[in-house]
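Novice: Following this line is protein.txt, made up of compact mmCIF, C-alpha atoms:
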```txt
# COMPACT_ATOMS: atom_id res chain seq x y z
CA MET X 16 0.00 0.00 0.00
CA ASN X 17 1.23 3.50 -0.84
CA ILE X 18 0.67 5.52 2.33
CA PRO X 19 2.08 9.07 2.45
CA SER X 20 4.55 9.71 5.26
CA VAL X 21 3.41 11.84 8.21
CA GLN X 22 6.88 12.11 9.73
CA HIS X 23 7.07 15.80 8.87
CA LEU X 24 3.74 16.45 10.62
CA VAL X 25 4.60 15.01 14.03
CA SER X 26 7.25 15.46 16.71
CA PRO X 27 10.34 13.23 16.80
CA GLU X 28 8.96 11.60 19.96
CA GLU X 29 5.67 10.76 18.28
CA TRP X 30 7.43 9.45 15.19
CA GLN X 31 9.57 7.09 17.27
CA LEU X 32 6.46 5.85 19.06
CA ARG X 33 4.78 5.29 15.68
CA VAL X 34 7.74 3.26 14.43
CA ASP X 35 7.78 1.13 17.58
CA LEU X 36 4.01 0.56 17.51
CA ALA X 37 4.06 -0.36 13.81
CA ALA X 38 6.87 -2.79 14.63
CA CYS X 39 4.74 -4.28 17.40
CA TYR X 40 1.87 -4.89 14.97
CA ARG X 41 4.25 -6.55 12.51
CA LEU X 42 5.71 -8.75 15.26
CA VAL X 43 2.27 -9.84 16.44
CA ALA X 44 1.51 -10.86 12.85
CA LEU X 45 4.90 -12.56 12.47
CA TYR X 46 4.39 -14.69 15.57
CA GLY X 47 0.88 -15.67 14.50
CA TRP X 48 -1.09 -13.89 17.22
CA SER X 49 -3.29 -11.74 14.99
CA ASP X 50 -6.98 -12.43 14.37
CA LEU X 51 -7.36 -11.05 10.85
CA VAL X 52 -8.18 -7.37 11.59
CA PHE X 53 -10.13 -7.85 14.82
CA THR X 54 -7.81 -6.97 17.70
CA HIS X 55 -5.87 -3.85 18.60
CA ILE X 56 -2.62 -2.57 20.04
CA SER X 57 -2.67 0.98 21.37
CA ALA X 58 0.01 3.36 22.62
CA ARG X 59 -0.38 6.57 24.62
CA LEU X 60 1.42 9.58 23.19
CA PRO X 61 3.64 11.71 25.46
CA GLY X 62 2.21 14.96 26.75
CA PRO X 63 -0.68 16.10 28.94
CA GLY X 64 -3.43 15.19 26.46
CA HIS X 65 -5.06 11.77 26.47
CA HIS X 66 -4.01 11.02 22.91
CA PHE X 67 -3.28 7.59 21.52
CA LEU X 68 -2.16 5.72 18.43
CA ILE X 69 -4.22 2.80 17.15
CA ASN X 70 -4.43 0.72 14.00
CA PRO X 71 -6.46 1.72 10.94
CA TYR X 72 -9.40 -0.66 11.09
CA GLY X 73 -9.44 -3.09 8.19
CA LEU X 74 -5.70 -3.35 7.59
CA MET X 75 -3.93 -6.61 8.33
CA PHE X 76 -1.29 -6.28 11.01
CA ASP X 77 1.52 -7.00 8.55
CA GLU X 78 0.37 -4.02 6.45
CA ILE X 79 0.60 -1.42 9.19
CA THR X 80 3.20 1.34 8.95
CA ALA X 81 4.22 4.21 11.19
CA SER X 82 2.33 6.66 8.97
CA SER X 83 -0.87 4.61 8.72
CA LEU X 84 -1.42 4.58 12.49
CA ILE X 85 -4.26 6.87 13.56
CA LYS X 86 -4.08 9.45 16.36
CA VAL X 87 -7.24 9.46 18.51
CA ASP X 88 -8.55 10.80 21.81
CA LEU X 89 -10.10 8.78 24.64
CA GLY X 90 -13.34 8.57 22.66
CA CYS X 91 -11.45 7.20 19.65
CA ASN X 92 -12.15 10.36 17.66
CA LYS X 93 -9.55 11.11 14.97
CA LEU X 94 -7.14 13.95 15.76
CA MET X 95 -5.38 13.87 12.38
CA ASP X 96 -6.72 13.36 8.89
CA SER X 97 -6.57 9.75 7.77
CA PRO X 98 -8.17 7.91 4.85
CA PHE X 99 -8.71 4.90 7.10
CA PRO X 100 -11.57 4.18 9.52
CA VAL X 101 -11.15 3.54 13.22
CA ASN X 102 -13.10 1.12 15.40
CA PRO X 103 -14.39 2.89 18.54
CA ALA X 104 -15.85 -0.36 19.88
CA GLY X 105 -12.43 -1.98 19.68
CA PHE X 106 -10.93 0.84 21.75
CA VAL X 107 -13.24 0.38 24.76
CA ILE X 108 -10.96 -2.03 26.62
CA HIS X 109 -7.82 -0.11 25.67
CA SER X 110 -9.15 3.30 26.67
CA ALA X 111 -10.29 1.93 30.03
CA VAL X 112 -6.80 0.65 30.86
CA HIS X 113 -5.02 3.74 29.52
CA GLU X 114 -7.29 6.11 31.44
CA ALA X 115 -6.92 4.32 34.76
CA ARG X 116 -3.30 3.21 34.57
CA ALA X 117 -0.71 5.97 34.16
CA ASP X 118 1.94 3.25 33.81
CA ALA X 119 0.23 1.69 30.78
CA GLN X 120 1.77 3.38 27.76
CA CYS X 121 0.98 0.34 25.60
CA VAL X 122 -1.92 -2.13 25.72
CA ILE X 123 -1.92 -5.32 23.64
CA HIS X 124 -5.01 -7.53 23.24
CA THR X 125 -5.08 -10.86 21.38
CA HIS X 126 -7.51 -13.64 20.49
CA THR X 127 -5.06 -16.52 19.96
CA ARG X 128 -6.28 -20.12 20.04
CA ALA X 129 -4.05 -21.02 22.97
CA GLY X 130 -4.96 -17.85 24.85
CA VAL X 131 -8.70 -18.33 24.44
CA ALA X 132 -8.38 -22.05 25.23
CA VAL X 133 -6.71 -21.38 28.57
CA ALA X 134 -9.10 -18.49 29.25
CA ALA X 135 -11.95 -21.00 28.90
CA GLN X 136 -10.49 -23.33 31.52
CA LYS X 137 -11.92 -23.07 35.03
CA ASN X 138 -8.50 -22.96 36.70
CA GLY X 139 -7.02 -20.55 34.17
CA LEU X 140 -3.26 -20.42 33.81
CA LEU X 141 -1.53 -23.20 35.73
CA PRO X 142 1.91 -22.92 37.38
CA ILE X 143 3.46 -25.65 35.24
CA SER X 144 6.20 -23.82 33.36
CA GLN X 145 8.87 -21.19 33.91
CA GLN X 146 6.94 -18.95 31.52
CA SER X 147 3.79 -19.24 33.62
CA THR X 148 5.63 -18.15 36.76
CA PHE X 149 6.53 -14.82 35.16
CA VAL X 150 2.83 -14.22 34.44
CA LEU X 151 1.28 -15.50 37.66
CA GLY X 152 3.01 -12.86 39.77
CA SER X 153 0.87 -10.15 38.12
CA LEU X 154 -2.17 -11.93 36.63
CA ALA X 155 -5.86 -10.97 36.93
CA TYR X 156 -9.06 -12.37 35.41
CA HIS X 157 -12.16 -10.68 34.00
CA VAL X 158 -15.40 -12.57 33.37
CA TYR X 159 -16.81 -12.62 29.85
CA GLU X 160 -19.65 -10.11 29.33
CA GLY X 161 -20.06 -10.48 25.57
CA VAL X 162 -18.35 -8.46 22.85
CA ALA X 163 -16.57 -5.65 24.70
CA PHE X 164 -18.13 -2.50 23.25
CA ARG X 165 -20.23 -1.24 26.19
CA GLU X 166 -18.90 1.65 28.28
CA ASP X 167 -20.53 0.25 31.43
CA GLU X 168 -18.14 -2.72 31.39
CA LYS X 169 -15.11 -0.48 31.96
CA PRO X 170 -15.34 -0.10 35.76
CA ARG X 171 -15.81 -3.84 36.26
CA LEU X 172 -12.85 -4.64 34.02
CA LEU X 173 -10.67 -2.13 35.86
CA ALA X 174 -11.76 -3.43 39.27
CA ASP X 175 -10.77 -6.94 38.20
CA MET X 176 -7.47 -5.85 36.66
CA GLY X 177 -6.28 -3.62 39.48
CA GLU X 178 -2.50 -3.13 39.22
CA ALA X 179 -1.89 -6.37 37.29
CA ASN X 180 0.08 -6.26 34.04
CA PHE X 181 -1.47 -9.45 32.67
CA LEU X 182 -5.23 -9.85 32.24
CA MET X 183 -6.97 -13.03 31.13
CA LEU X 184 -10.33 -12.16 29.60
CA ARG X 185 -12.42 -15.26 30.26
CA ASN X 186 -13.59 -17.03 27.06
CA HIS X 187 -12.13 -14.12 25.09
CA GLY X 188 -8.35 -13.73 25.06
CA LEU X 189 -5.27 -12.16 26.59
CA LEU X 190 -4.25 -8.61 27.45
CA THR X 191 -0.96 -7.11 28.58
CA CYS X 192 0.08 -3.58 29.39
CA GLY X 193 3.44 -1.99 30.05
CA PRO X 194 5.29 1.30 30.49
CA THR X 195 6.74 0.88 26.99
CA ILE X 196 5.75 -0.93 23.81
CA ALA X 197 8.74 -3.22 24.28
CA ASP X 198 7.58 -4.18 27.79
CA ALA X 199 4.01 -4.90 26.70
CA PHE X 200 5.27 -7.02 23.80
CA LEU X 201 7.65 -9.09 25.92
CA SER X 202 4.84 -9.64 28.43
CA MET X 203 2.54 -10.88 25.67
CA TYR X 204 5.28 -13.15 24.32
CA VAL X 205 5.66 -14.79 27.72
CA PHE X 206 1.86 -14.92 28.31
CA GLU X 207 1.17 -16.53 24.96
CA SER X 208 4.06 -18.98 25.40
CA ALA X 209 2.73 -20.02 28.81
CA CYS X 210 -0.71 -20.71 27.29
CA GLN X 211 0.73 -22.69 24.38
CA ILE X 212 2.84 -24.77 26.77
CA GLN X 213 -0.19 -25.47 28.97
CA ILE X 214 -2.34 -26.68 26.06
CA SER X 215 0.53 -28.83 24.79
CA ALA X 216 1.18 -30.32 28.22
CA GLN X 217 -2.50 -31.10 28.77
CA SER X 218 -2.78 -32.73 25.38
CA GLY X 219 -0.23 -35.35 26.46
CA GLY X 220 -2.74 -36.74 28.96
CA ALA X 221 -0.20 -37.30 31.73
CA GLU X 222 -0.45 -35.86 35.23
CA LEU X 223 1.14 -32.41 35.38
CA THR X 224 3.77 -31.24 37.86
CA GLU X 225 3.24 -27.76 39.30
CA VAL X 226 5.98 -25.32 40.26
CA ASP X 227 6.69 -24.88 43.98
CA PRO X 228 4.59 -21.87 45.12
CA GLN X 229 7.60 -20.40 46.94
CA ILE X 230 9.30 -19.81 43.58
CA LEU X 231 6.57 -17.34 42.68
CA GLN X 232 7.56 -15.13 45.61
CA GLY X 233 10.84 -14.09 44.02
CA ILE X 234 9.76 -14.04 40.41
CA ALA X 235 9.88 -10.25 39.98
CA HIS X 236 13.55 -10.25 40.96
CA ALA X 237 14.23 -13.22 38.70
CA MET X 238 12.70 -11.38 35.73
CA LYS X 239 14.94 -8.37 36.38
CA VAL X 240 17.99 -10.60 36.47
CA GLN X 241 16.88 -12.32 33.26
CA THR X 242 16.72 -9.01 31.36
CA GLY X 243 19.53 -7.17 33.12
CA GLY X 244 16.97 -4.81 34.63
CA MET X 245 16.00 -3.58 31.15
CA GLY X 246 12.65 -5.36 30.81
CA GLY X 247 11.36 -5.52 27.27
CA GLN X 248 14.06 -3.17 26.01
CA PHE X 249 16.58 -5.98 26.45
CA ALA X 250 15.08 -7.90 23.50
CA TRP X 251 13.51 -5.04 21.52
CA PRO X 252 16.54 -4.00 19.39
CA ALA X 253 17.04 -7.60 18.28
CA LEU X 254 13.35 -7.89 17.38
CA LEU X 255 13.60 -4.73 15.26
CA ARG X 256 16.65 -6.13 13.48
CA LYS X 257 14.65 -9.27 12.77
CA LEU X 258 11.85 -7.19 11.25
CA ASP X 259 14.30 -5.11 9.22
CA ARG X 260 15.75 -8.26 7.66
CA ILE X 261 12.26 -9.38 6.64
CA ASP X 262 10.68 -6.07 5.60
CA PRO X 263 11.64 -2.61 6.94
CA GLY X 264 8.47 -1.10 5.43
CA TYR X 265 6.88 -0.67 8.86
CA ARG X 266 9.21 2.31 9.36
CA SER X 267 7.62 4.35 6.57
```
Would you give me this structure, written as structure tokens?
Specialist:
Amino acid sequence: MNIPSVQHLVSPEEWQLRVDLAACYRLVALYGWSDLVFTHISARLPGPGHHFLINPYGLMFDEITASSLIKVDLGCNKLMDSPFPVNPAGFVIHSAVHEARADAQCVIHTHTRAGVAVAAQKNGLLPISQQSTFVLGSLAYHVYEGVAFREDEKPRLLADMGEANFLMLRNHGLLTCGPTIADAFLSMYVFESACQIQISAQSGGAELTEVDPQILQGIAHAMKVQTGGMGGQFAWPALLRKLDRIDPGYRS
């Protein structure tokens, strides 16, 4: 698609955020977590205004570029001209988290098969893998209320989520948030991996061994050690290099 660049119309800080968010969309597509055009990744722009970037509704995730991302307010109203539509209903969950959580610069929501499968299980995510331990230290659950487009669901979702960085939407999918796009992406990578491992382990039919609960007590420290205290930024440059080798078009 030939999409005119908006780099000259935005600040350097916004442009960098656009590049990183476009990269996040491409990575979600690359790892097979997208659901055609039906989920969203949002990022809050710096500054006092509640302004955000979100995907143009109808584009596949591997088509998204820095310039095609749409700037919106909390009501998902466009703040810059764009030939693409937006999906206000799809922004309900994202806007709720962004508005209530100052630490949530980025919110990622997916509908993967493994994520929905575990979200449908009564006991949710089980402590059966190293990946699951990283999630369980900050995991919350929200009951399914139907397609999430009603404003009145927001307070219940936020009450359930609290300060957690991982949210399992029952019968629906997964959600992560983070102070940067890199952090939210790494969290989703670990969350999705934990769900895939659980479904694979259960499919073997053998009795499962759970991790000692005491290990969960020190998991935050273990995660810092694992990433050298850098969180998602530890892996992000390598992920961008991977994308650049495949197709650097997300940067346009």
Novice: Counting all atoms listed in the file, which residues of stretch 97-148 of chain X fall within 10 Å of stretch 225-234 of chain X, and what is the closest atom pair for each with its distance in Å at one decimal, ordered by chain and rising number, as JSON lines?
Specialist:
```
{"residue": "X:Leu141", "atom": "CA", "partner": "X:Glu225", "partner_atom": "CA", "distance": 7.5}
{"residue": "X:Pro142", "atom": "CA", "partner": "X:Glu225", "partner_atom": "CA", "distance": 5.4}
{"residue": "X:Ile143", "atom": "CA", "partner": "X:Glu225", "partner_atom": "CA", "distance": 4.6}
{"residue": "X:Ser144", "atom": "CA", "partner": "X:Val226", "partner_atom": "CA", "distance": 7.1}
{"residue": "X:Gln145", "atom": "CA", "partner": "X:Val226", "partner_atom": "CA", "distance": 8.1}
{"residue": "X:Ser147", "atom": "CA", "partner": "X:Val226", "partner_atom": "CA", "distance": 9.3}
{"residue": "X:Thr148", "atom": "CA", "partner": "X:Leu231", "partner_atom": "CA", "distance": 6.0}
```
Novice: For atom CA of X:His65 and atom CA of X:Val205, quote the distance in Å rounded to one decimal.
Specialist: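 Computing the Euclidean distance for atom CA of X:His65 and atom CA of X:Val205 yields 28.7 Å.
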Novice: Using only C-alpha atoms, which of X:Pro71, X:Gly62, X:Gly193, X:Gly90 sits nearest X:Glu29?
Specialist: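 Smallest separation from X:Glu29 among the options: X:Gly62.
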Novice: Considering all atoms listed in the file, can you say which of X:Met176, X:Leu84, X:Ile123, X:Leu45 comes closest to X:Pro194?
Specialist: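 Nearest candidate to X:Pro194 out of X:Met176, X:Leu84, X:Ile123, X:Leu45: X:Ile123.
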Novice: Taking all atoms listed in the file into account, name the residue in X:Met245, X:Ile69, X:Cys121, X:Ile214 that is nearest to X:Thr54.
Specialist: X:Ile69
Novice: Taking only C-alpha atoms into account, which of X:Val131, X:Ile56, X:Leu154, X:Ile212 comes nearest X:Gly105?
Specialist: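 Between X:Val131, X:Ile56, X:Leu154, X:Ile212, the residue approaching X:Gly105 most closely is X:Ile56.
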Novice: Please build the interface table for stretch 47-112 of chain X against stretch 18-22 of chain X with a cut-off of 12 Å, listing for each qualifying residue the nearest atom pair and the distance in Å to one decimal; count only C-alpha atoms, order rows by chain and increasing number, and write it as CSV.
Specialist:
```
residue,atom,partner,partner_atom,distance
X:Pro71,CA,X:Ile18,CA,11.8
X:Glu78,CA,X:Ile18,CA,10.4
X:Ile79,CA,X:Ile18,CA,9.8
X:Thr80,CA,X:Ile18,CA,8.2
X:Ala81,CA,X:Ser20,CA,8.1
X:Ser82,CA,X:Ser20,CA,5.3
X:Ser83,CA,X:Ile18,CA,6.6
X:Leu84,CA,X:Val21,CA,9.7
X:Ile85,CA,X:Val21,CA,10.6
X:Lys86,CA,X:Val21,CA,11.3
X:Met95,CA,X:Val21,CA,9.9
X:Asp96,CA,X:Val21,CA,10.3
X:Ser97,CA,X:Ile18,CA,10.0
X:Pro98,CA,X:Ile18,CA,9.5
X:Phe99,CA,X:Ile18,CA,10.5
```
Novice: Rounded to one decimal in Å, what is the spacing between atom CA of X:Ala44 and atom CA of X:Phe200?
Specialist: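 Distance between the two atoms: 12.2 Å.
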Novice: So the first atom is atom CA of X:Ser215 and the second is atom CA of X:Ala135; what is the distance between them in Å, to one decimal place?
Specialist: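 Going from atom CA of X:Ser215 over to atom CA of X:Ala135, I get 15.3 Å.
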Novice: Find, counting all atoms listed in the file, the residue in X:Phe67, X:Tyr46, X:Phe206, X:Phe106 that gets nearest to X:Glu166.
Specialist: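 Under the stated criterion, the closest residue is X:Phe106.
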Novice: Mind filling out stretch 23-55 of chain X with N, CA and C atoms and sending it as a tab-separated table (two decimals), in the coordinates of the input?
Specialist:
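Output contents, as saved in out.tsv:
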```
chain	number	residue	atom	x	y	z
X	23	HIS	N	6.86	14.36	8.80
X	23	HIS	CA	7.07	15.80	8.87
X	23	HIS	C	5.96	16.53	9.62
X	24	LEU	N	4.88	15.82	9.95
X	24	LEU	CA	3.74	16.45	10.62
X	24	LEU	C	3.73	16.22	12.13
X	25	VAL	N	4.63	15.37	12.61
X	25	VAL	CA	4.60	15.01	14.03
X	25	VAL	C	5.96	15.26	14.66
X	26	SER	N	6.00	15.25	15.98
X	26	SER	CA	7.25	15.46	16.71
X	26	SER	C	8.15	14.24	16.58
X	27	PRO	N	9.45	14.39	16.82
X	27	PRO	CA	10.34	13.23	16.80
X	27	PRO	C	9.92	12.15	17.80
X	28	GLU	N	9.40	12.57	18.96
X	28	GLU	CA	8.96	11.60	19.96
X	28	GLU	C	7.77	10.80	19.46
X	29	GLU	N	6.82	11.48	18.82
X	29	GLU	CA	5.67	10.76	18.28
X	29	GLU	C	6.09	9.84	17.14
X	30	TRP	N	7.01	10.31	16.31
X	30	TRP	CA	7.43	9.45	15.19
X	30	TRP	C	8.08	8.17	15.70
X	31	GLN	N	8.93	8.29	16.72
X	31	GLN	CA	9.57	7.09	17.27
X	31	GLN	C	8.54	6.14	17.84
X	32	LEU	N	7.53	6.69	18.51
X	32	LEU	CA	6.46	5.85	19.06
X	32	LEU	C	5.69	5.17	17.93
X	33	ARG	N	5.47	5.88	16.83
X	33	ARG	CA	4.78	5.29	15.68
X	33	ARG	C	5.59	4.13	15.09
X	34	VAL	N	6.89	4.32	14.98
X	34	VAL	CA	7.74	3.26	14.43
X	34	VAL	C	7.69	2.03	15.34
X	35	ASP	N	7.80	2.25	16.65
X	35	ASP	CA	7.78	1.13	17.58
X	35	ASP	C	6.42	0.42	17.58
X	36	LEU	N	5.33	1.18	17.50
X	36	LEU	CA	4.01	0.56	17.51
X	36	LEU	C	3.77	-0.21	16.21
X	37	ALA	N	4.18	0.36	15.08
X	37	ALA	CA	4.06	-0.36	13.81
X	37	ALA	C	4.87	-1.65	13.86
X	38	ALA	N	6.05	-1.59	14.46
X	38	ALA	CA	6.87	-2.79	14.63
X	38	ALA	C	6.14	-3.82	15.48
X	39	CYS	N	5.48	-3.37	16.53
X	39	CYS	CA	4.74	-4.28	17.40
X	39	CYS	C	3.64	-5.01	16.63
X	40	TYR	N	2.91	-4.26	15.80
X	40	TYR	CA	1.87	-4.89	14.97
X	40	TYR	C	2.49	-5.94	14.05
X	41	ARG	N	3.60	-5.60	13.42
X	41	ARG	CA	4.25	-6.55	12.51
X	41	ARG	C	4.72	-7.79	13.26
X	42	LEU	N	5.25	-7.61	14.48
X	42	LEU	CA	5.71	-8.75	15.26
X	42	LEU	C	4.56	-9.65	15.69
X	43	VAL	N	3.45	-9.05	16.08
X	43	VAL	CA	2.27	-9.84	16.44
X	43	VAL	C	1.82	-10.69	15.25
X	44	ALA	N	1.85	-10.10	14.06
X	44	ALA	CA	1.51	-10.86	12.85
X	44	ALA	C	2.55	-11.95	12.60
X	45	LEU	N	3.83	-11.61	12.75
X	45	LEU	CA	4.90	-12.56	12.47
X	45	LEU	C	4.82	-13.78	13.37
X	46	TYR	N	4.46	-13.57	14.63
X	46	TYR	CA	4.39	-14.69	15.57
X	46	TYR	C	3.04	-15.40	15.55
X	47	GLY	N	2.14	-14.96	14.68
X	47	GLY	CA	0.88	-15.67	14.50
X	47	GLY	C	-0.16	-15.39	15.54
X	48	TRP	N	-0.11	-14.21	16.17
X	48	TRP	CA	-1.09	-13.89	17.22
X	48	TRP	C	-2.24	-13.03	16.72
X	49	SER	N	-2.23	-12.62	15.48
X	49	SER	CA	-3.29	-11.74	14.99
X	49	SER	C	-4.56	-12.53	14.69
X	50	ASP	N	-5.66	-11.83	14.65
X	50	ASP	CA	-6.98	-12.43	14.37
X	50	ASP	C	-7.59	-11.65	13.21
X	51	LEU	N	-7.02	-11.86	12.01
X	51	LEU	CA	-7.36	-11.05	10.85
X	51	LEU	C	-7.19	-9.57	11.23
X	52	VAL	N	-8.29	-8.80	11.27
X	52	VAL	CA	-8.18	-7.37	11.59
X	52	VAL	C	-8.87	-7.03	12.92
X	53	PHE	N	-9.16	-8.05	13.74
X	53	PHE	CA	-10.13	-7.85	14.82
X	53	PHE	C	-9.57	-7.64	16.22
X	54	THR	N	-8.29	-7.39	16.39
X	54	THR	CA	-7.81	-6.97	17.70
X	54	THR	C	-7.00	-5.69	17.54
X	55	HIS	N	-6.51	-5.15	18.64
X	55	HIS	CA	-5.87	-3.85	18.60
X	55	HIS	C	-4.65	-3.82	19.52
```
